[in-house]
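Comments concern the structure below.
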Amino acid sequence: PRYWLIVPAAGSGQRMKADCPKQYLRLGQRFILDITLSCLLDNAAFAGCVVATGPNDQWWPETEASKDRRITTCIGGAERAESVLAALDALSDRANDDDWVLVHDAARPCLHADDLAHLLTELKNHPVGGLLATPVADTLKRTGPGSHEVEATVDRRDLWRALTPQMFRFLALKQALESAINSGYPVTDESSAIEFAGQIPCIVEGRPDNIKVTVPADLALAGFILERK
Ligand code: CTP
Ligand code: MG
């Protein structure tokens with residue numbers, strides 16, 4: 001099977017409160033989206049890459065990636081899962097049902113090459129696929145809905161923070177996303193849709209500094225992580 005790459009970059013970055021979507025903010029001289037894409041495409045595994053952009057995106061033509069002939073774009077949807085599904089549709093002429101698809105957030109520019117390589121090799125012969133994740137570090141408390149009263153301390157020994165890339169088979173991922181979206185299931189990542197379809201993804205432990213740039217303070221943090229890379 002071949003490997004395809006999907007990068008959802010159609011979000012508007014509400015929590016970042018910037019003048020443009022956060023994937024088009026710069027860290028150093030480069031767009032976050034360009035940093036993310038060059039880390040991914042430095043790995044020679046990929047047969048092609050689809051970036052889902054927003055319907056009113058005016059920044060994409062300014063990127064280095066827009067000149068890269070390995071990359072095509074599609075218009076994303078209102079939710080992340082819909083953007084990924086649109087990218088899968090854009091691949092349907094080229095991808096085989098059992099090809100692998102890696103989905104990685106545009107807003108995760110700090111991915112290390114060795115985590116990507118590790119994910120690819122660990123899951124190469126896995127029937128379902130899986131995701132990078134990192135063990136939960138903090139003590140976790142549960143309250144009642146909307147309450148601030150502690151009901152319990154949650155055992156975190158078997159809890160993980162889901163990261164990207166997430167890697168699944170083309171047809172299995174497409175069908176899982178379609179049925180989860182149609183059922184109104186809250187699809188927060190690819191793995192949740194695959195789980196909803198009754199399949200069991202595998203976790204590959206990744207570095208905790210593969211952060212998603214979400215709020216303004218994450219920019220300085222991502223800059224620091226990238227400088228030390
Ligand atoms: N994304 C997407 N299509 C959407 C929503 C999100 O392709 N309709 C992408 C974002 O561009 C981002 C990734 O999914 O790369 C993770 O989403 P998130 O961090 O939530 O980004 P935004 O939705 O842009 O930010 P916010 O939720 O703060 O508005
Ligand atoms: Mg969002």
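In the structure tokens, each chain is lettered A, B, ... as it comes, each chain's residues begin at 1, and ligands are numbered from 1 in order of appearance.
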Write out, as JSON lines, each residue of chain A that has an atom at most 7 Å from ligand 1, together with the closest pair of atoms and their distance in Å to one decimal, counting only C-alpha atoms and all ligand atoms, rows going by chain and rising number.
{"residue": "A:Pro8", "atom": "CA", "partner": "ligand 1", "partner_atom_place_in_ligand_line": "7 (O)", "distance": 3.5}
{"residue": "A:Ala9", "atom": "CA", "partner": "ligand 1", "partner_atom_place_in_ligand_line": "11 (O)", "distance": 3.4}
{"residue": "A:Ala10", "atom": "CA", "partner": "ligand 1", "partner_atom_place_in_ligand_line": "7 (O)", "distance": 3.6}
{"residue": "A:Gly11", "atom": "CA", "partner": "ligand 1", "partner_atom_place_in_ligand_line": "24 (O)", "distance": 3.2}
{"residue": "A:Ser12", "atom": "CA", "partner": "ligand 1", "partner_atom_place_in_ligand_line": "24 (O)", "distance": 4.1}
{"residue": "A:Gly13", "atom": "CA", "partner": "ligand 1", "partner_atom_place_in_ligand_line": "24 (O)", "distance": 3.4}
{"residue": "A:Gln14", "atom": "CA", "partner": "ligand 1", "partner_atom_place_in_ligand_line": "29 (O)", "distance": 3.5}
{"residue": "A:Arg15", "atom": "CA", "partner": "ligand 1", "partner_atom_place_in_ligand_line": "28 (O)", "distance": 3.7}
{"residue": "A:Met16", "atom": "CA", "partner": "ligand 1", "partner_atom_place_in_ligand_line": "28 (O)", "distance": 5.9}
{"residue": "A:Pro21", "atom": "CA", "partner": "ligand 1", "partner_atom_place_in_ligand_line": "24 (O)", "distance": 6.3}
{"residue": "A:Lys22", "atom": "CA", "partner": "ligand 1", "partner_atom_place_in_ligand_line": "24 (O)", "distance": 6.7}
{"residue": "A:Gln23", "atom": "CA", "partner": "ligand 1", "partner_atom_place_in_ligand_line": "11 (O)", "distance": 6.6}
{"residue": "A:Ala52", "atom": "CA", "partner": "ligand 1", "partner_atom_place_in_ligand_line": "7 (O)", "distance": 5.8}
{"residue": "A:Thr53", "atom": "CA", "partner": "ligand 1", "partner_atom_place_in_ligand_line": "7 (O)", "distance": 6.6}
{"residue": "A:Gly76", "atom": "CA", "partner": "ligand 1", "partner_atom_place_in_ligand_line": "3 (N)", "distance": 5.7}
{"residue": "A:Gly77", "atom": "CA", "partner": "ligand 1", "partner_atom_place_in_ligand_line": "8 (N)", "distance": 5.0}
{"residue": "A:Ala78", "atom": "CA", "partner": "ligand 1", "partner_atom_place_in_ligand_line": "8 (N)", "distance": 4.0}
{"residue": "A:Glu79", "atom": "CA", "partner": "ligand 1", "partner_atom_place_in_ligand_line": "8 (N)", "distance": 3.5}
{"residue": "A:Arg80", "atom": "CA", "partner": "ligand 1", "partner_atom_place_in_ligand_line": "4 (C)", "distance": 3.7}
{"residue": "A:Glu82", "atom": "CA", "partner": "ligand 1", "partner_atom_place_in_ligand_line": "8 (N)", "distance": 6.7}
{"residue": "A:Ser83", "atom": "CA", "partner": "ligand 1", "partner_atom_place_in_ligand_line": "3 (N)", "distance": 4.9}
{"residue": "A:Val84", "atom": "CA", "partner": "ligand 1", "partner_atom_place_in_ligand_line": "7 (O)", "distance": 6.8}
{"residue": "A:Asp105", "atom": "CA", "partner": "ligand 1", "partner_atom_place_in_ligand_line": "15 (O)", "distance": 4.2}
{"residue": "A:Ala106", "atom": "CA", "partner": "ligand 1", "partner_atom_place_in_ligand_line": "15 (O)", "distance": 3.7}
{"residue": "A:Ala107", "atom": "CA", "partner": "ligand 1", "partner_atom_place_in_ligand_line": "15 (O)", "distance": 4.3}
{"residue": "A:Lys212", "atom": "CA", "partner": "ligand 1", "partner_atom_place_in_ligand_line": "19 (O)", "distance": 6.3}
{"residue": "A:Val213", "atom": "CA", "partner": "ligand 1", "partner_atom_place_in_ligand_line": "19 (O)", "distance": 6.7}
{"residue": "A:Thr214", "atom": "CA", "partner": "ligand 1", "partner_atom_place_in_ligand_line": "19 (O)", "distance": 5.5}
Dump as a PDB file, in the first residue's frame, selection limited to C-alpha atoms:
ATOM      1  CA  PRO A   8      -6.703  19.953   7.554  1.00  0.00           C
ATOM      2  CA  ALA A   9      -6.028  23.704   7.361  1.00  0.00           C
ATOM      3  CA  ALA A  10      -9.539  25.067   6.933  1.00  0.00           C
ATOM      4  CA  GLY A  11     -10.119  26.293  10.485  1.00  0.00           C
ATOM      5  CA  SER A  12     -10.513  29.966  11.339  1.00  0.00           C
ATOM      6  CA  GLY A  13      -8.584  29.893  14.626  1.00  0.00           C
ATOM      7  CA  GLN A  14     -11.200  31.534  16.831  1.00  0.00           C
ATOM      8  CA  ARG A  15      -9.281  30.912  20.060  1.00  0.00           C
ATOM      9  CA  MET A  16      -6.106  32.512  18.670  1.00  0.00           C
ATOM     10  CA  PRO A  21      -6.266  31.921  10.658  1.00  0.00           C
ATOM     11  CA  LYS A  22      -3.468  30.714  12.961  1.00  0.00           C
ATOM     12  CA  GLN A  23      -1.909  28.406  10.324  1.00  0.00           C
ATOM     13  CA  ALA A  52      -7.918  21.353   3.018  1.00  0.00           C
ATOM     14  CA  THR A  53      -8.203  25.141   2.991  1.00  0.00           C
ATOM     15  CA  GLY A  76     -12.634  22.126   3.696  1.00  0.00           C
ATOM     16  CA  GLY A  77     -15.906  22.014   5.628  1.00  0.00           C
ATOM     17  CA  ALA A  78     -17.409  23.677   8.682  1.00  0.00           C
ATOM     18  CA  GLU A  79     -15.964  21.033  11.052  1.00  0.00           C
ATOM     19  CA  ARG A  80     -12.515  19.479  11.061  1.00  0.00           C
ATOM     20  CA  GLU A  82     -15.708  17.474   7.210  1.00  0.00           C
ATOM     21  CA  SER A  83     -12.449  19.007   6.030  1.00  0.00           C
ATOM     22  CA  VAL A  84     -10.724  15.617   6.330  1.00  0.00           C
ATOM     23  CA  ASP A 105      -3.230  19.164  11.952  1.00  0.00           C
ATOM     24  CA  ALA A 106      -1.888  22.232  10.150  1.00  0.00           C
ATOM     25  CA  ALA A 107      -1.576  23.769  13.607  1.00  0.00           C
ATOM     26  CA  LYS A 212      -1.379  22.136  18.783  1.00  0.00           C
ATOM     27  CA  VAL A 213      -1.024  25.902  18.475  1.00  0.00           C
ATOM     28  CA  THR A 214      -4.403  26.977  19.849  1.00  0.00           C
TER      29      THR A 214
END
Non-local contacts of segment 115-132 of chain A (9 Å; only C-alpha atoms; under 2 positions in same chain excluded) as an NGL selection string: :A and (40 or 43 or 45 or 100 or 111-113 or 134 or 161-169 or 172 or 190-191 or 194 or 199-207)
Generate a file of the selected residues that holds N, CA and C atoms, formatted as a PDB file, in the first residue's frame.
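Below you can see part07.pdb, which holds the result:
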ATOM      1  N   LEU A  40       6.573  17.222   7.425  1.00  0.00           N
ATOM      2  CA  LEU A  40       5.902  16.007   6.947  1.00  0.00           C
ATOM      3  C   LEU A  40       6.510  15.520   5.634  1.00  0.00           C
ATOM      4  N   ASN A  43       9.790  13.534   4.893  1.00  0.00           N
ATOM      5  CA  ASN A  43       9.736  12.076   4.883  1.00  0.00           C
ATOM      6  C   ASN A  43       9.317  11.632   3.481  1.00  0.00           C
ATOM      7  N   ALA A  45       8.027   9.034   2.371  1.00  0.00           N
ATOM      8  CA  ALA A  45       7.033   7.961   2.268  1.00  0.00           C
ATOM      9  C   ALA A  45       5.824   8.309   1.399  1.00  0.00           C
ATOM     10  N   TRP A 100      -2.628   3.631   3.043  1.00  0.00           N
ATOM     11  CA  TRP A 100      -2.627   4.359   4.317  1.00  0.00           C
ATOM     12  C   TRP A 100      -2.838   5.855   4.088  1.00  0.00           C
ATOM     13  N   LEU A 111       5.985  18.811  15.228  1.00  0.00           N
ATOM     14  CA  LEU A 111       6.190  17.371  15.029  1.00  0.00           C
ATOM     15  C   LEU A 111       7.656  17.081  14.725  1.00  0.00           C
ATOM     16  N   HIS A 112       8.218  16.081  15.388  1.00  0.00           N
ATOM     17  CA  HIS A 112       9.589  15.669  15.101  1.00  0.00           C
ATOM     18  C   HIS A 112       9.603  14.570  14.053  1.00  0.00           C
ATOM     19  N   ALA A 113      10.605  14.614  13.185  1.00  0.00           N
ATOM     20  CA  ALA A 113      10.726  13.622  12.111  1.00  0.00           C
ATOM     21  C   ALA A 113      10.762  12.204  12.662  1.00  0.00           C
ATOM     22  N   THR A 134       0.377  10.826  23.906  1.00  0.00           N
ATOM     23  CA  THR A 134       1.365  10.957  24.966  1.00  0.00           C
ATOM     24  C   THR A 134       0.670  10.791  26.319  1.00  0.00           C
ATOM     25  N   ARG A 161      -3.112  11.565  25.907  1.00  0.00           N
ATOM     26  CA  ARG A 161      -3.529  12.729  25.122  1.00  0.00           C
ATOM     27  C   ARG A 161      -3.333  12.397  23.655  1.00  0.00           C
ATOM     28  N   ALA A 162      -4.423  12.491  22.893  1.00  0.00           N
ATOM     29  CA  ALA A 162      -4.350  12.164  21.467  1.00  0.00           C
ATOM     30  C   ALA A 162      -3.667  13.294  20.706  1.00  0.00           C
ATOM     31  N   LEU A 163      -2.702  12.923  19.848  1.00  0.00           N
ATOM     32  CA  LEU A 163      -1.989  13.883  19.008  1.00  0.00           C
ATOM     33  C   LEU A 163      -2.284  13.536  17.547  1.00  0.00           C
ATOM     34  N   THR A 164      -1.629  14.222  16.647  1.00  0.00           N
ATOM     35  CA  THR A 164      -1.572  13.787  15.253  1.00  0.00           C
ATOM     36  C   THR A 164      -0.102  13.731  14.867  1.00  0.00           C
ATOM     37  N   PRO A 165       0.289  12.998  13.813  1.00  0.00           N
ATOM     38  CA  PRO A 165      -0.553  12.331  12.822  1.00  0.00           C
ATOM     39  C   PRO A 165      -1.326  11.126  13.382  1.00  0.00           C
ATOM     40  N   GLN A 166      -2.470  10.863  12.699  1.00  0.00           N
ATOM     41  CA  GLN A 166      -3.237   9.650  12.911  1.00  0.00           C
ATOM     42  C   GLN A 166      -3.275   8.948  11.556  1.00  0.00           C
ATOM     43  N   MET A 167      -3.178   7.631  11.594  1.00  0.00           N
ATOM     44  CA  MET A 167      -2.912   6.866  10.367  1.00  0.00           C
ATOM     45  C   MET A 167      -3.881   5.694  10.252  1.00  0.00           C
ATOM     46  N   PHE A 168      -4.721   5.738   9.210  1.00  0.00           N
ATOM     47  CA  PHE A 168      -5.709   4.681   8.992  1.00  0.00           C
ATOM     48  C   PHE A 168      -5.792   4.364   7.505  1.00  0.00           C
ATOM     49  N   ARG A 169      -6.502   3.258   7.183  1.00  0.00           N
ATOM     50  CA  ARG A 169      -6.673   2.864   5.783  1.00  0.00           C
ATOM     51  C   ARG A 169      -7.683   3.791   5.110  1.00  0.00           C
ATOM     52  N   ALA A 172     -11.507   2.571   5.090  1.00  0.00           N
ATOM     53  CA  ALA A 172     -12.002   2.441   6.467  1.00  0.00           C
ATOM     54  C   ALA A 172     -12.201   3.825   7.088  1.00  0.00           C
ATOM     55  N   GLU A 190      -9.628  11.482  13.991  1.00  0.00           N
ATOM     56  CA  GLU A 190      -9.893  10.334  13.121  1.00  0.00           C
ATOM     57  C   GLU A 190     -10.139   9.089  13.953  1.00  0.00           C
ATOM     58  N   SER A 191      -9.324   8.924  15.009  1.00  0.00           N
ATOM     59  CA  SER A 191      -9.451   7.741  15.853  1.00  0.00           C
ATOM     60  C   SER A 191     -10.858   7.601  16.425  1.00  0.00           C
ATOM     61  N   ILE A 194     -13.039   5.987  13.883  1.00  0.00           N
ATOM     62  CA  ILE A 194     -12.689   4.574  13.719  1.00  0.00           C
ATOM     63  C   ILE A 194     -13.214   3.747  14.906  1.00  0.00           C
ATOM     64  N   GLN A 199     -13.755  -0.426  15.407  1.00  0.00           N
ATOM     65  CA  GLN A 199     -12.385  -0.890  15.223  1.00  0.00           C
ATOM     66  C   GLN A 199     -11.487  -0.373  16.340  1.00  0.00           C
ATOM     67  N   ILE A 200     -10.352  -1.034  16.523  1.00  0.00           N
ATOM     68  CA  ILE A 200      -9.496  -0.716  17.667  1.00  0.00           C
ATOM     69  C   ILE A 200      -8.159  -0.149  17.202  1.00  0.00           C
ATOM     70  N   PRO A 201      -7.999   1.193  17.300  1.00  0.00           N
ATOM     71  CA  PRO A 201      -6.742   1.822  16.907  1.00  0.00           C
ATOM     72  C   PRO A 201      -5.636   1.523  17.912  1.00  0.00           C
ATOM     73  N   CYS A 202      -4.399   1.652  17.446  1.00  0.00           N
ATOM     74  CA  CYS A 202      -3.225   1.402  18.281  1.00  0.00           C
ATOM     75  C   CYS A 202      -2.514   2.730  18.570  1.00  0.00           C
ATOM     76  N   ILE A 203      -2.117   2.921  19.824  1.00  0.00           N
ATOM     77  CA  ILE A 203      -1.373   4.127  20.188  1.00  0.00           C
ATOM     78  C   ILE A 203       0.123   3.891  20.029  1.00  0.00           C
ATOM     79  N   VAL A 204       0.784   4.865  19.416  1.00  0.00           N
ATOM     80  CA  VAL A 204       2.247   4.911  19.362  1.00  0.00           C
ATOM     81  C   VAL A 204       2.655   6.120  20.193  1.00  0.00           C
ATOM     82  N   GLU A 205       3.488   5.882  21.204  1.00  0.00           N
ATOM     83  CA  GLU A 205       3.823   6.991  22.098  1.00  0.00           C
ATOM     84  C   GLU A 205       4.664   8.035  21.371  1.00  0.00           C
ATOM     85  N   GLY A 206       4.211   9.293  21.467  1.00  0.00           N
ATOM     86  CA  GLY A 206       4.919  10.402  20.827  1.00  0.00           C
ATOM     87  C   GLY A 206       5.376  11.413  21.856  1.00  0.00           C
ATOM     88  N   ARG A 207       6.129  12.400  21.390  1.00  0.00           N
ATOM     89  CA  ARG A 207       6.669  13.429  22.263  1.00  0.00           C
ATOM     90  C   ARG A 207       5.569  14.394  22.710  1.00  0.00           C
TER      91      ARG A 207
END
By how many Å are atom CA of Thr63 of chain A and atom CA of Phe31 of chain A apart?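 Between atom CA of Thr63 of chain A and atom CA of Phe31 of chain A the gap is 7.0 Å.
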For a test of reading the model, state the distance in Å between atom CA of Asp155 of chain A and atom CA of Gly198 of chain A, rounded to one decimal.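 Between these atoms lies a distance of 24.7 Å.
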Separating atom CA of Gly146 of chain A from atom CA of Thr188 of chain A, to the nearest tenth of an Å, is a gap of 20.7 Å
